[in-house]
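Everything below concerns the one structure shown next.
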Amino acid sequence: MLKEELNDKLTETMAVCDLHHKRMMFAWGNIEKYFPLTDIILSGLSPVELAFFDQLIYRFSKLQDSMGSRLFKQLLEALEEDISGLPFIDILYKLEKLNLLDNAKEWIFLRQIRNTISHEYPFFKEVQMEELNLLPEEVIKLGTIWLKLKEYVFNRFDL
């Protein structure tokens with residue numbers, strides 16, 4: 001891939017991730033006071049408050065997915081790392097080895113959280129609450145990972 005084309009793709013991916021992060025944090029700022037969720041809190045939320053929960057879940061999922069499916073590979077390619085044919089876990093370990101990701105297994109857990117919270121269980125509020133109550137810590141972790149990578153990319157590649 002041409003260096004200019006790779007820079008353009010990396011710039012675009014960075015912009016998408018930044019948008020997801022900003023909107024995720026906006027939603028989080030509007031609902032963090034409700035955590036930890038209880039049955040009483042969850043059943044008393046207004047439609048607007050529920051929309052912030054939806055936005056948080058959506059943007060968390062999109063940020064995690066955009067980073068995992070696009071940013072990581074593009075970043076390693078920009079660093080001229082050979083990732084052809086590597087399974088995703090090896091890409092994570094490569095990022096960890098380069099100190100761009102603190103813990104590959106933590107990323108796997110973030111992906112599991114993304115998969116779990118994206119399902120709705122209208123008749124199983126206890127399950128829904130349990131899953132949503134995992135979000136506060138994971139939103140902060142995902143945001144921290146994003147900000148670290150963002151700073152690295154902008155410093156390294158002058159984007």
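Just remember, in the structure tokens the first chain shown is A, the second B, etc., residues are 1-based per chain, and ligands are 1-based in the order shown.
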Just list as a PyMOL selection string whatever in chain A DSSP marks as helix (DSSP H, G or I). chain A and resi 3-34+39-43+47-78+88-97+104-117+125-132+135-157
Closest of A:Leu71, A:Leu79, A:Leu98, A:Ala104 to Phe157 in chain A, counting only C-alpha atoms, is A:Leu79
Which is closer to Thr11 in chain A than all the others in A:Ala78, A:Met25, A:Glu106, A:Leu95, using only C-alpha atoms? A:Ala78
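Minimum atom-to-atom distances from A:Val139, A:Ile91, A:Leu50, A:Met14 to Leu76 in chain A were compared using only C-alpha atoms, and the lowest value belongs to A:Ile91.
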Nearest-residue call for Leu37 in chain A, choices A:Phe53, A:Lys105, A:Tyr58, A:Leu110, using only C-alpha atoms: A:Phe53
Write out as a VMD selection string which residues come within 9 Å of Pro36 in chain A when counting only C-alpha atoms, dropping same-chain ones fewer than 3 positions away. chain A and resid 32 to 33 41 129 132 to 134 136
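Considering only C-alpha atoms, the residue among A:Thr38, A:Gln55, A:Ser61, A:Gln74 positioned nearest to Glu12 in chain A is A:Gln74.
The space between CA of Arg156 in chain A and CA of Pro87 in chain A spans 25.3 Å.
Our summary of the geometry notes that CA of Leu100 in chain A is positioned 17.8 Å from CA of Glu138 in chain A.
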For Gly29 in chain A, which residue among A:Leu159, A:Ile113, A:Ala51, A:Leu56 is the nearest when counting only C-alpha atoms? A:Leu56
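Once Trp107 in chain A and its same-chain neighbours fewer than 5 positions away are set aside, Gln64, Asp65, Met67, Gly68, Phe72, Phe88, Ile89, Ile91, Leu92, Tyr93, Leu95, Glu96, Leu100, Leu101, Asp102, Gln112, Ile113, Arg114, Glu138, Lys141, Leu142, Thr144, Ile145 and Trp146 of chain A remain within 12 Å of it when counting only C-alpha atoms.
Between CA of Val48 in chain A and CA of Glu130 in chain A the interatomic distance comes to 21.3 Å.
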